[in-house]
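J.: The file below is work19.cif, mmCIF, C-alpha atoms:
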```
data_upload
#
loop_
_atom_site.group_PDB
_atom_site.id
_atom_site.type_symbol
_atom_site.label_atom_id
_atom_site.label_comp_id
_atom_site.auth_asym_id
_atom_site.auth_seq_id
_atom_site.Cartn_x
_atom_site.Cartn_y
_atom_site.Cartn_z
ATOM 1 C CA MET G 1061 0.000 0.000 0.000
ATOM 2 C CA GLU G 1062 1.215 3.490 -0.829
ATOM 3 C CA TYR G 1063 0.950 5.640 2.292
ATOM 4 C CA THR G 1064 -0.477 9.119 1.750
ATOM 5 C CA GLN G 1065 -2.009 9.869 5.171
ATOM 6 C CA ILE G 1066 0.445 8.154 7.519
ATOM 7 C CA THR G 1067 4.154 7.545 7.605
ATOM 8 C CA TYR G 1068 5.776 4.287 8.656
ATOM 9 C CA GLU G 1069 9.385 3.667 9.551
ATOM 10 C CA VAL G 1070 11.392 1.050 11.402
ATOM 11 C CA HIS G 1071 14.633 1.938 13.150
ATOM 12 C CA GLU G 1072 16.600 -0.148 15.647
ATOM 13 C CA GLY G 1073 13.667 -2.402 16.464
ATOM 14 C CA ILE G 1074 11.115 0.410 16.833
ATOM 15 C CA ALA G 1075 8.280 0.753 14.329
ATOM 16 C CA THR G 1076 6.743 4.221 14.246
ATOM 17 C CA VAL G 1077 3.283 4.800 12.778
ATOM 18 C CA THR G 1078 2.602 8.520 12.417
ATOM 19 C CA LEU G 1079 -0.796 9.957 11.529
ATOM 20 C CA ASP G 1080 0.294 12.449 8.891
ATOM 21 C CA ARG G 1081 -2.358 14.980 7.947
ATOM 22 C CA PRO G 1082 -1.136 17.944 10.013
ATOM 23 C CA GLU G 1083 -2.956 20.412 7.785
ATOM 24 C CA SER G 1084 -6.245 18.912 9.046
ATOM 25 C CA ARG G 1085 -4.901 18.275 12.555
ATOM 26 C CA ASN G 1086 -4.737 14.587 11.608
ATOM 27 C CA GLY G 1087 -8.464 14.305 11.000
ATOM 28 C CA TYR G 1088 -9.263 10.600 10.712
ATOM 29 C CA THR G 1089 -10.445 9.139 7.410
ATOM 30 C CA ILE G 1090 -11.121 5.668 6.044
ATOM 31 C CA ARG G 1091 -7.931 5.978 4.032
ATOM 32 C CA MET G 1092 -5.936 6.813 7.169
ATOM 33 C CA ALA G 1093 -7.510 3.892 9.022
ATOM 34 C CA ASP G 1094 -6.615 1.429 6.282
ATOM 35 C CA GLU G 1095 -3.077 2.749 5.926
ATOM 36 C CA ALA G 1096 -2.516 2.590 9.682
ATOM 37 C CA ALA G 1097 -3.916 -0.948 9.811
ATOM 38 C CA HIS G 1098 -1.657 -1.998 6.932
ATOM 39 C CA ALA G 1099 1.412 -0.547 8.676
ATOM 40 C CA LEU G 1100 0.499 -2.167 11.994
ATOM 41 C CA ARG G 1101 0.152 -5.552 10.315
ATOM 42 C CA ALA G 1102 3.611 -5.101 8.825
ATOM 43 C CA ALA G 1103 5.086 -4.151 12.199
ATOM 44 C CA ILE G 1104 3.428 -7.042 14.017
ATOM 45 C CA ALA G 1105 4.668 -9.527 11.395
ATOM 46 C CA ASP G 1106 8.223 -8.150 11.303
ATOM 47 C CA GLU G 1107 10.427 -10.181 13.664
ATOM 48 C CA ASP G 1108 12.926 -7.315 13.764
ATOM 49 C CA VAL G 1109 10.316 -5.010 15.316
ATOM 50 C CA ARG G 1110 10.216 -5.134 19.096
ATOM 51 C CA VAL G 1111 8.104 -2.074 20.003
ATOM 52 C CA LEU G 1112 5.407 -0.069 18.217
ATOM 53 C CA VAL G 1113 5.094 3.701 18.619
ATOM 54 C CA LEU G 1114 1.905 5.477 17.536
ATOM 55 C CA THR G 1115 1.992 9.258 17.196
ATOM 56 C CA GLY G 1116 0.746 12.198 15.148
ATOM 57 C CA ALA G 1117 2.480 14.778 12.951
ATOM 58 C CA GLY G 1118 2.241 18.422 13.902
ATOM 59 C CA GLU G 1119 0.823 19.912 17.077
ATOM 60 C CA ASP G 1120 -2.108 17.502 17.497
ATOM 61 C CA PHE G 1121 -2.389 13.739 17.724
ATOM 62 C CA CYS G 1122 -5.833 13.451 16.113
ATOM 63 C CA VAL G 1123 -8.904 15.695 16.399
ATOM 64 C CA GLY G 1124 -11.290 12.886 15.495
ATOM 65 C CA ALA G 1125 -13.108 11.906 12.329
ATOM 66 C CA ASP G 1126 -12.649 14.305 9.428
ATOM 67 C CA LEU G 1127 -16.031 16.039 9.191
ATOM 68 C CA SER G 1128 -15.012 18.506 6.483
ATOM 69 C CA GLY G 1129 -17.214 16.758 3.932
ATOM 70 C CA GLY G 1130 -20.308 17.427 6.008
ATOM 71 C CA GLY G 1131 -20.803 13.799 7.063
ATOM 72 C CA LEU G 1132 -19.019 11.166 9.047
ATOM 73 C CA GLY G 1133 -17.604 9.408 6.009
ATOM 74 C CA VAL G 1134 -17.233 6.254 8.083
ATOM 75 C CA THR G 1135 -20.275 4.166 7.188
ATOM 76 C CA GLU G 1136 -20.250 0.951 5.221
ATOM 77 C CA ALA G 1137 -21.949 2.682 2.298
ATOM 78 C CA ASP G 1138 -19.189 5.332 2.213
ATOM 79 C CA ASP G 1139 -16.322 2.850 2.350
ATOM 80 C CA PRO G 1140 -14.643 2.776 -1.075
ATOM 81 C CA ALA G 1141 -13.286 -0.731 -0.595
ATOM 82 C CA PRO G 1142 -15.290 -2.817 1.892
ATOM 83 C CA ALA G 1143 -14.188 -6.411 2.347
ATOM 84 C CA ALA G 1144 -16.376 -8.517 0.092
ATOM 85 C CA SER G 1145 -16.138 -11.689 2.176
ATOM 86 C CA SER G 1146 -16.167 -10.267 5.722
ATOM 87 C CA PRO G 1147 -18.590 -8.191 7.791
ATOM 88 C CA TRP G 1148 -17.823 -4.475 7.690
ATOM 89 C CA SER G 1149 -15.478 -3.182 10.384
ATOM 90 C CA GLU G 1150 -15.675 0.483 11.328
ATOM 91 C CA PRO G 1151 -12.454 2.499 10.864
ATOM 92 C CA ALA G 1152 -11.412 2.855 14.518
ATOM 93 C CA THR G 1153 -11.809 -0.877 15.117
ATOM 94 C CA ARG G 1154 -9.520 -1.620 12.161
ATOM 95 C CA VAL G 1155 -6.700 -0.132 14.236
ATOM 96 C CA THR G 1156 -7.669 -0.939 17.829
ATOM 97 C CA ARG G 1157 -8.260 -4.633 17.096
ATOM 98 C CA LEU G 1158 -4.703 -4.923 15.786
ATOM 99 C CA LEU G 1159 -3.244 -3.028 18.747
ATOM 100 C CA PHE G 1160 -5.152 -5.281 21.137
ATOM 101 C CA GLY G 1161 -3.937 -8.445 19.417
ATOM 102 C CA SER G 1162 -0.319 -7.338 19.090
ATOM 103 C CA GLY G 1163 2.311 -9.450 20.773
ATOM 104 C CA LYS G 1164 4.578 -6.400 20.943
ATOM 105 C CA PRO G 1165 4.370 -3.448 23.348
ATOM 106 C CA VAL G 1166 2.613 -0.358 22.023
ATOM 107 C CA ILE G 1167 3.474 3.189 23.092
ATOM 108 C CA ALA G 1168 1.118 6.041 22.219
ATOM 109 C CA ALA G 1169 2.871 9.429 22.164
ATOM 110 C CA VAL G 1170 0.268 12.200 22.272
ATOM 111 C CA ARG G 1171 0.590 15.930 21.767
ATOM 112 C CA GLY G 1172 -2.244 18.450 21.590
ATOM 113 C CA ALA G 1173 -5.767 17.268 20.885
ATOM 114 C CA ALA G 1174 -6.689 13.579 21.008
ATOM 115 C CA VAL G 1175 -10.455 13.687 20.587
ATOM 116 C CA GLY G 1176 -12.981 11.085 19.425
ATOM 117 C CA VAL G 1177 -11.015 8.411 17.597
ATOM 118 C CA GLY G 1178 -7.903 10.259 18.789
ATOM 119 C CA SER G 1179 -8.835 9.062 22.278
ATOM 120 C CA THR G 1180 -10.302 5.649 21.449
ATOM 121 C CA MET G 1181 -7.357 4.666 19.249
ATOM 122 C CA ILE G 1182 -4.828 4.867 22.071
ATOM 123 C CA LEU G 1183 -6.767 2.816 24.629
ATOM 124 C CA PRO G 1184 -5.220 -0.573 23.657
ATOM 125 C CA ALA G 1185 -1.695 0.861 23.965
ATOM 126 C CA ASP G 1186 0.418 -0.454 26.826
ATOM 127 C CA PHE G 1187 1.865 2.982 27.531
ATOM 128 C CA ARG G 1188 0.155 6.303 26.852
ATOM 129 C CA ILE G 1189 2.376 9.323 27.398
ATOM 130 C CA ALA G 1190 1.259 12.840 26.613
ATOM 131 C CA ALA G 1191 2.188 16.499 26.554
ATOM 132 C CA HIS G 1192 1.144 18.935 29.238
ATOM 133 C CA ASP G 1193 -1.057 20.660 26.651
ATOM 134 C CA SER G 1194 -2.842 17.454 25.602
ATOM 135 C CA ARG G 1195 -6.589 17.141 25.905
ATOM 136 C CA PHE G 1196 -8.798 14.151 25.392
ATOM 137 C CA GLY G 1197 -12.478 13.707 24.703
ATOM 138 C CA PHE G 1198 -14.973 10.918 24.137
ATOM 139 C CA VAL G 1199 -17.347 13.378 22.482
ATOM 140 C CA PHE G 1200 -19.763 10.941 20.842
ATOM 141 C CA SER G 1201 -22.836 11.933 22.861
ATOM 142 C CA ARG G 1202 -22.314 15.531 21.743
ATOM 143 C CA ARG G 1203 -22.371 14.470 18.085
ATOM 144 C CA GLY G 1204 -25.355 12.136 18.359
ATOM 145 C CA ILE G 1205 -23.213 9.120 17.476
ATOM 146 C CA TYR G 1206 -21.784 6.113 19.324
ATOM 147 C CA PRO G 1207 -18.411 5.109 20.771
ATOM 148 C CA GLU G 1208 -16.051 3.199 18.508
ATOM 149 C CA GLY G 1209 -13.000 0.995 18.516
ATOM 150 C CA GLY G 1210 -14.156 -1.147 21.432
ATOM 151 C CA SER G 1211 -13.729 1.866 23.715
ATOM 152 C CA THR G 1212 -16.622 0.875 26.002
ATOM 153 C CA TRP G 1213 -14.615 -2.275 26.782
ATOM 154 C CA PHE G 1214 -11.188 -0.645 27.166
ATOM 155 C CA LEU G 1215 -11.946 2.613 28.965
ATOM 156 C CA PRO G 1216 -13.570 1.242 32.168
ATOM 157 C CA ARG G 1217 -10.635 -1.149 32.568
ATOM 158 C CA LEU G 1218 -8.231 1.783 32.522
ATOM 159 C CA VAL G 1219 -10.030 4.443 34.554
ATOM 160 C CA GLY G 1220 -12.925 2.671 36.294
ATOM 161 C CA MET G 1221 -16.609 2.537 35.445
ATOM 162 C CA GLY G 1222 -17.574 5.730 37.265
ATOM 163 C CA ARG G 1223 -15.049 7.886 35.455
ATOM 164 C CA ALA G 1224 -15.765 6.199 32.119
ATOM 165 C CA MET G 1225 -19.462 6.996 32.598
ATOM 166 C CA ASP G 1226 -18.624 10.619 33.371
ATOM 167 C CA TRP G 1227 -16.353 11.063 30.388
ATOM 168 C CA MET G 1228 -18.445 9.214 27.817
ATOM 169 C CA ILE G 1229 -21.928 10.360 28.781
ATOM 170 C CA SER G 1230 -20.954 14.011 29.251
ATOM 171 C CA GLY G 1231 -18.663 14.038 26.215
ATOM 172 C CA ARG G 1232 -16.625 16.766 27.917
ATOM 173 C CA LEU G 1233 -12.987 17.491 27.215
ATOM 174 C CA ILE G 1234 -10.432 16.054 29.625
ATOM 175 C CA GLY G 1235 -7.256 17.952 30.409
ATOM 176 C CA ALA G 1236 -3.841 16.343 30.645
ATOM 177 C CA GLU G 1237 -3.631 16.531 34.444
ATOM 178 C CA GLU G 1238 -7.031 14.895 34.869
ATOM 179 C CA ALA G 1239 -6.041 12.185 32.386
ATOM 180 C CA LEU G 1240 -2.857 11.553 34.363
ATOM 181 C CA THR G 1241 -4.653 11.385 37.705
ATOM 182 C CA ALA G 1242 -7.258 8.987 36.267
ATOM 183 C CA GLY G 1243 -4.666 6.660 34.750
ATOM 184 C CA LEU G 1244 -5.520 7.332 31.115
ATOM 185 C CA VAL G 1245 -1.924 8.453 30.624
ATOM 186 C CA SER G 1246 1.116 7.431 32.626
ATOM 187 C CA ALA G 1247 3.339 10.502 32.278
ATOM 188 C CA LEU G 1248 3.301 14.099 31.022
ATOM 189 C CA TYR G 1249 6.141 15.934 29.288
ATOM 190 C CA LYS G 1250 6.796 19.129 27.389
ATOM 191 C CA PRO G 1251 5.333 18.824 23.864
ATOM 192 C CA ALA G 1252 8.783 18.823 22.263
ATOM 193 C CA ASP G 1253 9.915 15.965 24.525
ATOM 194 C CA VAL G 1254 7.032 13.501 24.149
ATOM 195 C CA LEU G 1255 8.317 11.538 21.164
ATOM 196 C CA ASP G 1256 11.867 11.417 22.528
ATOM 197 C CA GLN G 1257 10.502 10.011 25.787
ATOM 198 C CA ALA G 1258 8.530 7.401 23.843
ATOM 199 C CA TYR G 1259 11.700 6.269 22.093
ATOM 200 C CA LEU G 1260 13.628 6.264 25.371
ATOM 201 C CA LEU G 1261 10.994 3.943 26.842
ATOM 202 C CA ALA G 1262 10.987 1.779 23.705
ATOM 203 C CA ARG G 1263 14.760 1.338 23.815
ATOM 204 C CA ASP G 1264 14.597 0.390 27.479
ATOM 205 C CA LEU G 1265 11.971 -2.270 26.738
ATOM 206 C CA ILE G 1266 14.104 -3.652 23.916
ATOM 207 C CA ALA G 1267 17.204 -3.783 26.101
ATOM 208 C CA ARG G 1268 15.655 -5.285 29.217
ATOM 209 C CA THR G 1269 12.623 -7.416 28.347
ATOM 210 C CA ALA G 1270 12.129 -10.742 26.566
ATOM 211 C CA PRO G 1271 9.887 -10.535 23.457
ATOM 212 C CA VAL G 1272 8.071 -13.834 24.090
ATOM 213 C CA SER G 1273 7.537 -13.191 27.787
ATOM 214 C CA THR G 1274 6.204 -9.720 27.001
ATOM 215 C CA ALA G 1275 3.808 -11.050 24.356
ATOM 216 C CA VAL G 1276 2.393 -13.656 26.746
ATOM 217 C CA ILE G 1277 2.084 -11.202 29.648
ATOM 218 C CA ARG G 1278 0.340 -8.629 27.464
ATOM 219 C CA GLN G 1279 -2.369 -11.019 26.273
ATOM 220 C CA ALA G 1280 -2.739 -12.780 29.636
ATOM 221 C CA LEU G 1281 -3.487 -9.476 31.345
ATOM 222 C CA TYR G 1282 -6.195 -8.659 28.827
ATOM 223 C CA ARG G 1283 -7.748 -12.114 28.701
ATOM 224 C CA MET G 1284 -7.423 -13.343 32.283
ATOM 225 C CA SER G 1285 -8.288 -10.203 34.252
ATOM 226 C CA PRO G 1286 -11.976 -9.949 33.154
ATOM 227 C CA LEU G 1287 -12.769 -13.548 34.155
ATOM 228 C CA ALA G 1288 -15.077 -14.186 37.103
ATOM 229 C CA SER G 1289 -12.622 -16.538 38.823
ATOM 230 C CA PRO G 1290 -8.812 -16.733 39.021
ATOM 231 C CA GLU G 1291 -8.920 -20.508 38.447
ATOM 232 C CA PRO G 1292 -8.213 -20.240 34.676
ATOM 233 C CA ALA G 1293 -5.274 -17.986 35.490
ATOM 234 C CA PHE G 1294 -4.018 -20.469 38.099
ATOM 235 C CA ALA G 1295 -4.140 -23.248 35.509
ATOM 236 C CA LEU G 1296 -2.452 -21.171 32.801
ATOM 237 C CA ASP G 1297 0.249 -19.906 35.161
ATOM 238 C CA SER G 1298 1.068 -23.449 36.231
ATOM 239 C CA ARG G 1299 1.609 -24.537 32.637
ATOM 240 C CA LEU G 1300 3.623 -21.428 31.829
ATOM 241 C CA ILE G 1301 5.919 -21.797 34.826
ATOM 242 C CA ALA G 1302 6.435 -25.490 34.044
ATOM 243 C CA SER G 1303 7.400 -24.587 30.476
ATOM 244 C CA CYS G 1304 10.195 -22.309 31.699
ATOM 245 C CA ALA G 1305 12.393 -25.364 32.187
ATOM 246 C CA GLN G 1306 12.596 -25.666 28.396
ATOM 247 C CA SER G 1307 12.862 -21.936 27.716
ATOM 248 C CA ALA G 1308 16.184 -20.523 26.540
ATOM 249 C CA ASP G 1309 14.945 -17.051 27.447
ATOM 250 C CA ALA G 1310 14.208 -18.130 31.017
ATOM 251 C CA VAL G 1311 17.721 -19.525 31.349
ATOM 252 C CA GLU G 1312 19.212 -16.357 29.875
ATOM 253 C CA GLY G 1313 17.146 -14.177 32.195
ATOM 254 C CA VAL G 1314 18.470 -15.950 35.276
ATOM 255 C CA VAL G 1315 22.070 -16.254 34.073
ATOM 256 C CA SER G 1316 22.299 -12.616 32.956
ATOM 257 C CA PHE G 1317 20.923 -11.532 36.338
ATOM 258 C CA LEU G 1318 23.493 -13.616 38.214
ATOM 259 C CA GLU G 1319 26.282 -12.404 35.932
ATOM 260 C CA ARG G 1320 25.123 -8.789 36.319
ATOM 261 C CA ARG G 1321 24.978 -8.143 32.569
ATOM 262 C CA PRO G 1322 22.263 -7.110 30.114
ATOM 263 C CA PRO G 1323 20.198 -10.060 28.851
ATOM 264 C CA ALA G 1324 20.417 -11.305 25.282
ATOM 265 C CA PHE G 1325 17.012 -12.862 24.654
ATOM 266 C CA THR G 1326 16.633 -14.886 21.463
ATOM 267 C CA GLY G 1327 13.013 -16.031 21.564
ATOM 268 C CA SER G 1328 10.732 -15.159 18.632
ATOM 269 C CA VAL G 1329 7.210 -13.838 19.200
ATOM 270 C CA GLY G 1330 6.069 -15.499 15.989
ATOM 271 C CA LYS G 1331 7.636 -18.908 16.654
ATOM 272 C CA ASP G 1332 8.327 -19.448 20.345
ATOM 273 C CA GLN G 1333 5.158 -18.633 22.263
ATOM 274 C CA PRO G 1334 3.776 -21.747 23.996
ATOM 275 C CA ASP G 1335 1.339 -23.681 21.831
ATOM 276 C CA PHE G 1336 -1.054 -24.236 24.744
ATOM 277 C CA LEU G 1337 -1.976 -20.561 25.154
ATOM 278 C CA PRO G 1338 -5.780 -20.466 24.882
ATOM 279 C CA TRP G 1339 -5.744 -17.444 22.568
ATOM 280 C CA ARG G 1340 -3.428 -19.227 20.123
ATOM 281 C CA ASP G 1341 -5.934 -21.945 19.260
ATOM 282 C CA PRO G 1342 -5.407 -22.418 15.479
ATOM 283 C CA ASP G 1343 -9.109 -23.246 15.054
ATOM 284 C CA ARG G 1344 -10.170 -19.905 16.480
ATOM 285 C CA ILE G 1345 -10.447 -17.452 13.594
ATOM 286 C CA ASP G 1346 -11.244 -13.771 13.841
ATOM 287 C CA PRO G 1347 -14.523 -13.509 11.877
ATOM 288 C CA LEU G 1348 -13.992 -9.849 11.034
ATOM 289 C CA GLU G 1349 -10.473 -10.166 9.719
ATOM 290 C CA GLY G 1350 -10.158 -13.807 8.706
ATOM 291 C CA GLU G 1351 -6.901 -14.218 10.614
ATOM 292 C CA ASP G 1352 -5.747 -16.111 13.676
ATOM 293 C CA LEU G 1353 -6.290 -14.230 16.903
#
```
How would this structure read if it were set down as structure tokens?

T.:
Amino acid sequence: MEYTQITYEVHEGIATVTLDRPESRNGYTIRMADEAAHALRAAIADEDVRVLVLTGAGEDFCVGADLSGGGLGVTEADDPAPAASSPWSEPATRVTRLLFGSGKPVIAAVRGAAVGVGSTMILPADFRIAAHDSRFGFVFSRRGIYPEGGSTWFLPRLVGMGRAMDWMISGRLIGAEEALTAGLVSALYKPADVLDQAYLLARDLIARTAPVSTAVIRQALYRMSPLASPEPAFALDSRLIASCAQSADAVEGVVSFLERRPPAFTGSVGKDQPDFLPWRDPDRIDPLEGEDL
């Protein structure tokens, strides 16, 4: 795919997806959604990529759907290239589903406005860092539309049901300090420093963490924490700990610790995750994308 509304680059194990329509404050379009999804698929499949960074060009991350045409431009009828063999997937979900399913850590680096899809898109990220001037908004009730990107599932898990109700039903704007206090973002920096801090964090993750362990932890947190009982987690943890005896990464983690040196993990996210993970069942196919979960 030729990218016209995003940029994509990989450098030293970090894949950066940048929303790149600064003249429209990165207003979100179907084209942007499909380009971002294409780039994310490439990053997730690339064994040389260890961390994903999602950011926006210019002074704003994303001001929401591009409404300049007078309509949402995000309905199935408006989509220039809907999937013929799959149910239609709205544009925010095309990105958030991939971020959720990623085996690699995701860092969202936000400056300025992150409103509507600009807020929902970053919810599946593992780290959300922002500028002091950032503002967020789940403004759907004020537009007479509905939340997107699975945000009614993600947001309460991050900030609690009471705060999610407040933010989504009121549709009010949320300042950076409130977002930090609520746990929507983990740190605030000067606007000029946000992307540098994202890369600093990414390099630290690459240097210190094991790719396979990180991939398993990321999905286990999402999939185990909503369950009514910890018993499935007990059972999974027992199998995972038992498997460490055959894990080269586990050996390296212990030896490097004892030798007081940086670890050199060799495990592959694509090849070395345990086969018994319940979310890696080869018979379980994502009906909206036609790919393994």

J.: Once the PyMOL selection byres ((chain G and resi 1101) around 12) has been applied to the shown file, what residues remain in the selection, as a PyMOL selection string?

T.: chain G and resi 1061+1068+1075+1077+1094-1100+1102-1107+1109+1112+1154-1159+1161-1164+1349+1351

J.: Report as an NGL selection string the residues that result from applying the PyMOL selection byres ((chain G and resi 1258) around 8) to the structure here.

T.: :G and (1113 or 1167-1169 or 1189 or 1254-1257 or 1259-1262)

J.: Scan for residues within 6 Å of the point (-3.1, 14.2, 17.5) in the coordinates of the file, using all atoms listed in the file, and reply as a list in words.

T.: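 Within the cut-off we find Gly1116, Asp1120, Phe1121, Cys1122, Arg1171, Gly1172, Ala1173 and Ala1174 of chain G.
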
J.: Please produce a file of those selected residues containing C-alpha atoms, as a PDB file, in the frame of the given file.

T.:
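This went into result_8.pdb:
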```
ATOM      1  CA  GLY G1116       0.746  12.198  15.148  1.00  0.00           C
ATOM      2  CA  ASP G1120      -2.108  17.502  17.497  1.00  0.00           C
ATOM      3  CA  PHE G1121      -2.389  13.739  17.724  1.00  0.00           C
ATOM      4  CA  CYS G1122      -5.833  13.451  16.113  1.00  0.00           C
ATOM      5  CA  ARG G1171       0.590  15.930  21.767  1.00  0.00           C
ATOM      6  CA  GLY G1172      -2.244  18.450  21.590  1.00  0.00           C
ATOM      7  CA  ALA G1173      -5.767  17.268  20.885  1.00  0.00           C
ATOM      8  CA  ALA G1174      -6.689  13.579  21.008  1.00  0.00           C
TER       9      ALA G1174
END
```

J.: List the residues matched by the PyMOL selection byres ((chain G and resi 1082) around 10) in the displayed structure as an MDAnalysis selection string, ordered by chain and then by residue number.

T.: chainID G and resid 1065 1079:1081 1083:1087 1116:1122

J.: Skipping near chain neighbours, those fewer than 4 positions away, what residues fall within 9 Å of Ala1152 in chain G using all atoms listed in the file, listed as a PyMOL selection string?

T.: chain G and resi 1088+1090+1093+1156-1157+1177+1180-1181+1208-1210

J.: I'd like to know which of G:Trp1227, G:Trp1339, G:Tyr1249, G:Phe1187 is closest to Phe1200 in chain G, using all atoms listed in the file.

T.: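 Ranking G:Trp1227, G:Trp1339, G:Tyr1249, G:Phe1187 by distance to Phe1200 in chain G, first place goes to G:Trp1227.
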
J.: Hey, which of G:Leu1244, G:Ala1252, G:Ala1267, G:Ile1205 ends up closest to Arg1321 in chain G? Count all atoms listed in the file.

T.: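 Answer, going by the shortest atom-to-atom distance: G:Ala1267.
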
J.: One decimal, in Å: what's the spacing between CA of Val1170 in chain G and CA of Gly1204 in chain G?

T.: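 CA of Val1170 in chain G sits 25.9 Å away from CA of Gly1204 in chain G.
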
J.: Hey, which of G:Leu1287, G:Ile1234, G:Val1329, G:Ile1074 ends up closest to Ser1194 in chain G? Count only C-alpha atoms.

T.: G:Ile1234

J.: For CA of Ala1190 in chain G and CA of Arg1217 in chain G, quote the distance in Å rounded to one decimal.

T.: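 Interatomic distance, CA of Ala1190 in chain G to CA of Arg1217 in chain G: 19.3 Å.
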
J.: Figure out the distance between CA of Ala1324 in chain G and CA of Val1272 in chain G, please, to one decimal in Å.

T.: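 Pair CA of Val1272 in chain G / CA of Ala1324 in chain G returns 12.7 Å.
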
J.: Only C-alpha atoms needed: put range 1179-1212 of chain G from the block into a file as a PDB file, in the first residue's frame.

T.:
```pdb
ATOM      1  CA  SER G1179      -8.835   9.062  22.278  1.00  0.00           C
ATOM      2  CA  THR G1180     -10.302   5.649  21.449  1.00  0.00           C
ATOM      3  CA  MET G1181      -7.357   4.666  19.249  1.00  0.00           C
ATOM      4  CA  ILE G1182      -4.828   4.867  22.071  1.00  0.00           C
ATOM      5  CA  LEU G1183      -6.767   2.816  24.629  1.00  0.00           C
ATOM      6  CA  PRO G1184      -5.220  -0.573  23.657  1.00  0.00           C
ATOM      7  CA  ALA G1185      -1.695   0.861  23.965  1.00  0.00           C
ATOM      8  CA  ASP G1186       0.418  -0.454  26.826  1.00  0.00           C
ATOM      9  CA  PHE G1187       1.865   2.982  27.531  1.00  0.00           C
ATOM     10  CA  ARG G1188       0.155   6.303  26.852  1.00  0.00           C
ATOM     11  CA  ILE G1189       2.376   9.323  27.398  1.00  0.00           C
ATOM     12  CA  ALA G1190       1.259  12.840  26.613  1.00  0.00           C
ATOM     13  CA  ALA G1191       2.188  16.499  26.554  1.00  0.00           C
ATOM     14  CA  HIS G1192       1.144  18.935  29.238  1.00  0.00           C
ATOM     15  CA  ASP G1193      -1.057  20.660  26.651  1.00  0.00           C
ATOM     16  CA  SER G1194      -2.842  17.454  25.602  1.00  0.00           C
ATOM     17  CA  ARG G1195      -6.589  17.141  25.905  1.00  0.00           C
ATOM     18  CA  PHE G1196      -8.798  14.151  25.392  1.00  0.00           C
ATOM     19  CA  GLY G1197     -12.478  13.707  24.703  1.00  0.00           C
ATOM     20  CA  PHE G1198     -14.973  10.918  24.137  1.00  0.00           C
ATOM     21  CA  VAL G1199     -17.347  13.378  22.482  1.00  0.00           C
ATOM     22  CA  PHE G1200     -19.763  10.941  20.842  1.00  0.00           C
ATOM     23  CA  SER G1201     -22.836  11.933  22.861  1.00  0.00           C
ATOM     24  CA  ARG G1202     -22.314  15.531  21.743  1.00  0.00           C
ATOM     25  CA  ARG G1203     -22.371  14.470  18.085  1.00  0.00           C
ATOM     26  CA  GLY G1204     -25.355  12.136  18.359  1.00  0.00           C
ATOM     27  CA  ILE G1205     -23.213   9.120  17.476  1.00  0.00           C
ATOM     28  CA  TYR G1206     -21.784   6.113  19.324  1.00  0.00           C
ATOM     29  CA  PRO G1207     -18.411   5.109  20.771  1.00  0.00           C
ATOM     30  CA  GLU G1208     -16.051   3.199  18.508  1.00  0.00           C
ATOM     31  CA  GLY G1209     -13.000   0.995  18.516  1.00  0.00           C
ATOM     32  CA  GLY G1210     -14.156  -1.147  21.432  1.00  0.00           C
ATOM     33  CA  SER G1211     -13.729   1.866  23.715  1.00  0.00           C
ATOM     34  CA  THR G1212     -16.622   0.875  26.002  1.00  0.00           C
TER      35      THR G1212
END
```
